[in-house]
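Trainee: Contents of structure31.csv (CSV, C-alpha atoms) are given next:
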chain,number,residue,atom,x,y,z
A,1,MET,CA,24.3,6.6,6.1
A,2,GLU,CA,24.9,3.4,4.1
A,3,LEU,CA,25.0,-0.3,4.8
A,4,LYS,CA,27.9,-2.3,3.2
A,5,GLY,CA,26.9,-5.6,1.6
A,6,VAL,CA,29.0,-8.7,1.5
A,7,ASN,CA,29.9,-8.0,-2.1
A,8,GLY,CA,31.2,-4.5,-1.3
A,9,ARG,CA,28.1,-2.7,-2.7
A,10,SER,CA,26.6,0.1,-0.6
A,11,PHE,CA,22.9,0.4,0.2
A,12,PRO,CA,21.4,3.5,1.7
A,13,LEU,CA,19.7,3.0,5.0
A,14,ILE,CA,16.0,4.0,5.0
A,15,ALA,CA,15.0,6.1,7.9
A,16,PRO,CA,11.4,5.9,9.2
A,17,VAL,CA,9.2,9.0,9.0
A,18,ILE,CA,7.7,10.0,12.3
A,19,THR,CA,4.3,11.7,12.0
A,20,ASP,CA,2.4,13.9,14.4
A,21,SER,CA,0.5,10.9,15.5
A,22,ALA,CA,3.8,9.1,16.3
A,23,MET,CA,3.1,6.5,13.6
A,24,THR,CA,6.2,5.5,11.7
A,25,VAL,CA,6.4,4.6,8.1
A,26,LEU,CA,9.2,2.8,6.3
A,27,ARG,CA,9.2,3.7,2.6
A,28,HIS,CA,11.4,3.3,-0.5
A,29,SER,CA,10.8,3.5,-4.2
A,30,ILE,CA,12.0,0.5,-6.3
A,31,ALA,CA,12.1,2.8,-9.4
A,32,GLY,CA,15.9,2.7,-9.5
A,33,ILE,CA,16.1,-1.1,-9.3
A,34,ALA,CA,13.0,-2.5,-10.9
A,35,SER,CA,9.9,-1.4,-12.9
A,36,VAL,CA,6.3,-2.4,-12.3
A,37,GLN,CA,4.2,-3.2,-15.3
A,38,VAL,CA,0.5,-4.1,-14.6
A,39,ASP,CA,-1.1,-6.7,-16.7
A,40,GLU,CA,-4.6,-5.3,-17.2
A,41,LYS,CA,-5.9,-8.6,-18.6
A,42,GLY,CA,-4.5,-10.3,-15.5
A,43,LEU,CA,-6.2,-7.9,-13.2
A,44,ASP,CA,-9.5,-8.4,-15.0
A,45,ARG,CA,-9.2,-12.1,-14.4
A,46,LEU,CA,-9.2,-11.7,-10.7
A,47,ILE,CA,-12.4,-12.1,-8.7
A,48,TRP,CA,-13.2,-8.6,-7.4
A,49,ARG,CA,-15.4,-7.5,-4.6
A,50,ASP,CA,-16.9,-4.1,-5.6
A,51,PHE,CA,-17.7,-1.9,-2.7
A,52,GLY,CA,-19.8,0.3,-4.9
A,53,ASN,CA,-17.9,3.5,-4.2
A,54,GLY,CA,-15.0,3.2,-6.7
A,55,LEU,CA,-13.1,0.7,-4.5
A,56,SER,CA,-12.7,-3.0,-5.4
A,57,MET,CA,-10.6,-5.7,-3.7
A,58,ALA,CA,-9.4,-9.0,-4.9
A,59,ARG,CA,-8.2,-11.6,-2.4
A,60,LEU,CA,-5.1,-13.4,-3.6
A,61,ALA,CA,-4.4,-15.5,-0.5
A,62,ARG,CA,-5.5,-15.9,3.1
A,63,GLU,CA,-4.2,-18.0,5.9
A,64,GLY,CA,-5.6,-17.3,9.4
A,65,MET,CA,-5.3,-13.6,9.9
A,66,ARG,CA,-2.7,-13.1,7.2
A,67,GLU,CA,-4.0,-11.8,4.0
A,68,LEU,CA,-2.7,-10.8,0.6
A,69,VAL,CA,-5.0,-8.6,-1.5
A,70,VAL,CA,-5.1,-6.2,-4.4
A,71,TYR,CA,-7.0,-2.9,-4.2
A,72,ARG,CA,-8.2,-1.1,-7.3
A,73,ILE,CA,-9.4,2.5,-6.9
A,74,ALA,CA,-11.3,4.0,-9.9
A,75,PRO,CA,-10.2,7.3,-11.3
A,76,GLY,CA,-12.1,10.1,-9.5
A,77,ALA,CA,-13.2,7.9,-6.6
A,78,ALA,CA,-14.2,9.9,-3.5
A,79,ALA,CA,-11.5,10.5,-0.8
A,80,ASP,CA,-13.6,8.4,1.7
A,81,VAL,CA,-13.5,5.1,-0.2
A,82,PHE,CA,-11.5,3.6,2.7
A,83,LEU,CA,-12.8,3.6,6.3
A,84,ARG,CA,-10.4,4.5,9.0
A,85,HIS,CA,-8.7,1.3,10.2
A,86,GLU,CA,-6.0,-0.2,12.3
A,87,HIS,CA,-3.4,-2.7,11.1
A,88,VAL,CA,-3.1,-5.1,14.0
A,89,GLY,CA,0.2,-6.6,12.8
A,90,GLY,CA,1.3,-3.8,10.5
A,91,GLU,CA,0.8,-3.4,6.8
A,92,PHE,CA,3.1,-3.8,3.8
A,93,TYR,CA,2.1,-2.5,0.4
A,94,LEU,CA,3.5,-1.9,-3.1
A,95,VAL,CA,1.8,0.7,-5.3
A,96,LEU,CA,1.6,-0.9,-8.7
A,97,LYS,CA,-0.2,1.9,-10.5
A,98,GLY,CA,-1.4,5.4,-9.8
A,99,ALA,CA,-0.9,6.8,-6.3
A,100,ILE,CA,-2.3,6.5,-2.8
A,101,ALA,CA,-2.0,8.9,0.2
A,102,ASP,CA,-2.8,8.9,3.9
A,103,GLU,CA,-1.9,10.9,7.0
A,104,THR,CA,1.8,10.0,6.5
A,105,GLY,CA,2.3,11.1,2.9
A,106,SER,CA,1.6,10.3,-0.7
A,107,TYR,CA,3.1,7.2,-2.5
A,108,GLY,CA,3.3,6.6,-6.2
A,109,ALA,CA,3.8,3.6,-8.5
A,110,GLY,CA,6.9,1.7,-7.4
A,111,ASP,CA,6.8,2.8,-3.8
A,112,VAL,CA,7.1,0.1,-1.2
A,113,VAL,CA,5.5,1.1,2.2
A,114,TYR,CA,5.5,-0.6,5.6
A,115,LEU,CA,3.3,0.7,8.5
A,116,ASP,CA,4.1,-0.5,12.0
A,117,PRO,CA,1.8,-2.9,14.0
A,118,LYS,CA,-1.2,-1.0,15.5
A,119,SER,CA,-0.9,1.8,12.9
A,120,VAL,CA,-4.1,3.6,12.1
A,121,HIS,CA,-4.8,5.5,8.9
A,122,THR,CA,-7.4,6.4,6.3
A,123,PRO,CA,-5.9,6.0,2.8
A,124,TYR,CA,-7.3,7.6,-0.4
A,125,ALA,CA,-6.3,8.0,-4.0
A,126,PRO,CA,-5.4,11.6,-4.9
A,127,SER,CA,-7.9,13.0,-7.4
A,128,ASP,CA,-5.3,13.3,-10.2
A,129,ALA,CA,-3.9,9.7,-9.7
A,130,GLY,CA,-6.0,8.0,-12.4
A,131,GLU,CA,-6.7,4.4,-11.7
A,132,THR,CA,-4.8,3.2,-8.6
A,133,VAL,CA,-3.7,-0.5,-8.0
A,134,VAL,CA,-2.1,-1.5,-4.7
A,135,LEU,CA,-0.8,-4.9,-3.6
A,136,VAL,CA,-1.2,-5.3,0.1
A,137,LEU,CA,-0.1,-7.7,2.8
A,138,TRP,CA,-1.6,-7.7,6.3
A,139,PRO,CA,0.4,-10.0,8.6
A,140,GLU,CA,-2.4,-10.0,11.3
A,141,GLY,CA,-5.5,-8.5,9.6
A,142,VAL,CA,-7.3,-5.2,9.8
A,143,ARG,CA,-9.7,-3.8,12.4
A,144,LEU,CA,-12.2,-1.2,11.1
A,145,LEU,CA,-12.6,1.8,13.4
A,146,GLU,CA,-15.6,3.5,11.8
Could you quickly redo this structure as structure tokens?

Mentor:
Amino acid sequence: MELKGVNGRSFPLIAPVITDSAMTVLRHSIAGIASVQVDEKGLDRLIWRDFGNGLSMARLAREGMRELVVYRIAPGAAADVFLRHEHVGGEFYLVLKGAIADETGSYGAGDVVYLDPKSVHTPYAPSDAGETVVLVLWPEGVRLLE
């Protein structure tokens, strides 16, 4: 199925993936239309909160409950670096480097992912992903469940 644009170009429609838990995920790779190049020096200039388990977070912006952050997961970090959590208003993320996975699937560099409001998951970086960097937007914050 395709969507026709005003200039006559066609765009494939992206169907949500429904999981056993009834959580839906909207996902698409930008690999065919753009490339992602991470500026390592730029990442190093960010102010990082190190959680001491291979996971670090840099806050880029926050207004009320809305938050824009970057997560950095060290190579070989344990699968339990993230706690199980709920995205009150959903979650949008772009994998900039490496890969991240959760109950809905695995997503690599260039994948754009949207999780519905009230979605619950426990993400992790697969052991063979190397360093993983993910840009994340939370429209209404996060609620830890564990």

Trainee: Taking all atoms listed in the file into account, which of A:Arg72, A:Arg66, A:Arg27, A:Arg143 comes nearest Ala99 in chain A?

Mentor: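 Closest residue, counting all atoms listed in the file: A:Arg72.
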
Trainee: Neighbouring residues of Met57 in chain A were defined as those with any atom within 7 Å, considering all atoms listed in the file; residues of the same chain fewer than 2 positions away were excluded. Please report them as a PDB file with C-alpha atoms, in the coordinates of the input.

Mentor:
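Listed below is the output, out26.pdb:
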ATOM      1  CA  TRP A  48     -13.200  -8.600  -7.400  1.00  0.00           C
ATOM      2  CA  ARG A  49     -15.400  -7.500  -4.600  1.00  0.00           C
ATOM      3  CA  ASP A  50     -16.900  -4.100  -5.600  1.00  0.00           C
ATOM      4  CA  LEU A  55     -13.100   0.700  -4.500  1.00  0.00           C
ATOM      5  CA  ARG A  59      -8.200 -11.600  -2.400  1.00  0.00           C
ATOM      6  CA  VAL A  69      -5.000  -8.600  -1.500  1.00  0.00           C
ATOM      7  CA  VAL A  70      -5.100  -6.200  -4.400  1.00  0.00           C
ATOM      8  CA  TYR A  71      -7.000  -2.900  -4.200  1.00  0.00           C
ATOM      9  CA  ARG A  72      -8.200  -1.100  -7.300  1.00  0.00           C
TER      10      ARG A  72
END

Trainee: Near Glu91 in chain A, counting all atoms listed in the file, which residues have an atom at most 7 Å away, once you skip same-chain residues fewer than 4 positions from it, shown as a list in words?

Mentor: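 Skipping anything fewer than 4 positions along the chain leaves His87, Tyr114, Leu115, Asp116, Leu137, Trp138 and Pro139 of chain A.
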
Trainee: Take the residues that were just selected and, keeping C-alpha atoms, output them as a CSV table (one decimal), in the frame of the given file.

Mentor:
chain,number,residue,atom,x,y,z
A,87,HIS,CA,-3.4,-2.7,11.1
A,114,TYR,CA,5.5,-0.6,5.6
A,115,LEU,CA,3.3,0.7,8.5
A,116,ASP,CA,4.1,-0.5,12.0
A,137,LEU,CA,-0.1,-7.7,2.8
A,138,TRP,CA,-1.6,-7.7,6.3
A,139,PRO,CA,0.4,-10.0,8.6

Trainee: If we count only C-alpha atoms, what is near Thr132 in chain A at a cut-off of 8 Å, once residues fewer than 6 positions away on the same chain are taken out, given as a ChimeraX atom specification?

Mentor: /A:71-75,95-100,125

Trainee: Point out the residue among A:Arg45, A:Gln37, A:Ala58, A:Tyr124 with the least atom-to-atom distance to Ala79 in chain A, counting only C-alpha atoms.

Mentor: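 Answer, going by the shortest atom-to-atom distance: A:Tyr124.
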
Trainee: Mind pulling up the distance from CA of Ala101 in chain A to CA of Pro126 in chain A?

Mentor: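 Interatomic distance here is 6.7 Å.
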
Trainee: Nearest to Leu94 in chain A among A:Leu26, A:Leu46, A:Ala34, A:Ala109, with distances taken over all atoms listed in the file: which residue is it?

Mentor: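 The answer is A:Ala109, which sits nearest to Leu94 in chain A.
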
Trainee: What is the distance, in Å and to one decimal place, between CA of Glu140 in chain A and CA of Met65 in chain A?

Mentor: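 Taking CA of Glu140 in chain A as the start and CA of Met65 in chain A as the end point, the length is 4.8 Å.
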
Trainee: Quick one, how far is CA of Ser127 in chain A from CA of Gly141 in chain A?

Mentor: 27.5 Å

Trainee: Go through A:Gly54, A:Ala129, A:Phe92, A:Arg62 one by one, measure the shortest atom-to-atom distance of each to Asp111 in chain A using only C-alpha atoms, and give the residue with the smallest value.

Mentor: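 Checking each candidate against Asp111 in chain A, we get A:Phe92 as the closest.
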
Trainee: Which one of A:Asp80, A:Glu86, A:Glu67, A:Asp102 sits closest to Leu135 in chain A if you count all atoms listed in the file?

Mentor: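 Under the stated criterion, the closest residue is A:Glu67.
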
Trainee: Which residues are near Gly110 in chain A? Cut-off 6 Å, all atoms listed in the file, ignore same chain within fewer than 3 positions. Put them as a ChimeraX atom specification.

Mentor: /A:29-31,95

Trainee: Can I get range 94-109 of chain A with N, CA and C atoms filled in, as a PDB file, keeping the file's coordinate frame?

Mentor:
ATOM      1  N   LEU A  94       2.752  -2.332  -1.929  1.00  0.00           N
ATOM      2  CA  LEU A  94       3.500  -1.900  -3.100  1.00  0.00           C
ATOM      3  C   LEU A  94       2.471  -1.230  -4.026  1.00  0.00           C
ATOM      4  N   VAL A  95       2.697   0.031  -4.364  1.00  0.00           N
ATOM      5  CA  VAL A  95       1.800   0.700  -5.300  1.00  0.00           C
ATOM      6  C   VAL A  95       2.220   0.278  -6.705  1.00  0.00           C
ATOM      7  N   LEU A  96       1.298  -0.416  -7.374  1.00  0.00           N
ATOM      8  CA  LEU A  96       1.600  -0.900  -8.700  1.00  0.00           C
ATOM      9  C   LEU A  96       1.253   0.078  -9.799  1.00  0.00           C
ATOM     10  N   LYS A  97       0.273   0.940  -9.529  1.00  0.00           N
ATOM     11  CA  LYS A  97      -0.200   1.900 -10.500  1.00  0.00           C
ATOM     12  C   LYS A  97      -0.884   3.048  -9.823  1.00  0.00           C
ATOM     13  N   GLY A  98      -0.746   4.270 -10.353  1.00  0.00           N
ATOM     14  CA  GLY A  98      -1.400   5.400  -9.800  1.00  0.00           C
ATOM     15  C   GLY A  98      -0.715   5.895  -8.512  1.00  0.00           C
ATOM     16  N   ALA A  99      -1.498   6.322  -7.524  1.00  0.00           N
ATOM     17  CA  ALA A  99      -0.900   6.800  -6.300  1.00  0.00           C
ATOM     18  C   ALA A  99      -1.946   6.646  -5.152  1.00  0.00           C
ATOM     19  N   ILE A 100      -1.420   6.546  -3.942  1.00  0.00           N
ATOM     20  CA  ILE A 100      -2.300   6.500  -2.800  1.00  0.00           C
ATOM     21  C   ILE A 100      -1.652   7.354  -1.687  1.00  0.00           C
ATOM     22  N   ALA A 101      -2.502   7.928  -0.866  1.00  0.00           N
ATOM     23  CA  ALA A 101      -2.000   8.900   0.200  1.00  0.00           C
ATOM     24  C   ALA A 101      -2.757   8.557   1.472  1.00  0.00           C
ATOM     25  N   ASP A 102      -2.167   9.012   2.558  1.00  0.00           N
ATOM     26  CA  ASP A 102      -2.800   8.900   3.900  1.00  0.00           C
ATOM     27  C   ASP A 102      -2.197  10.009   4.748  1.00  0.00           C
ATOM     28  N   GLU A 103      -2.391   9.894   6.044  1.00  0.00           N
ATOM     29  CA  GLU A 103      -1.900  10.900   7.000  1.00  0.00           C
ATOM     30  C   GLU A 103      -0.366  10.994   6.992  1.00  0.00           C
ATOM     31  N   THR A 104       0.322   9.974   6.474  1.00  0.00           N
ATOM     32  CA  THR A 104       1.800  10.000   6.500  1.00  0.00           C
ATOM     33  C   THR A 104       2.435  10.509   5.253  1.00  0.00           C
ATOM     34  N   GLY A 105       1.677  10.640   4.159  1.00  0.00           N
ATOM     35  CA  GLY A 105       2.300  11.100   2.900  1.00  0.00           C
ATOM     36  C   GLY A 105       1.562  10.561   1.701  1.00  0.00           C
ATOM     37  N   SER A 106       2.184  10.760   0.540  1.00  0.00           N
ATOM     38  CA  SER A 106       1.600  10.300  -0.700  1.00  0.00           C
ATOM     39  C   SER A 106       2.664   9.349  -1.366  1.00  0.00           C
ATOM     40  N   TYR A 107       2.186   8.261  -1.936  1.00  0.00           N
ATOM     41  CA  TYR A 107       3.100   7.200  -2.500  1.00  0.00           C
ATOM     42  C   TYR A 107       2.605   6.879  -3.886  1.00  0.00           C
ATOM     43  N   GLY A 108       3.570   6.811  -4.813  1.00  0.00           N
ATOM     44  CA  GLY A 108       3.300   6.600  -6.200  1.00  0.00           C
ATOM     45  C   GLY A 108       3.718   5.187  -6.665  1.00  0.00           C
ATOM     46  N   ALA A 109       3.472   4.906  -7.929  1.00  0.00           N
ATOM     47  CA  ALA A 109       3.800   3.600  -8.500  1.00  0.00           C
ATOM     48  C   ALA A 109       5.308   3.302  -8.227  1.00  0.00           C
TER      49      ALA A 109
END
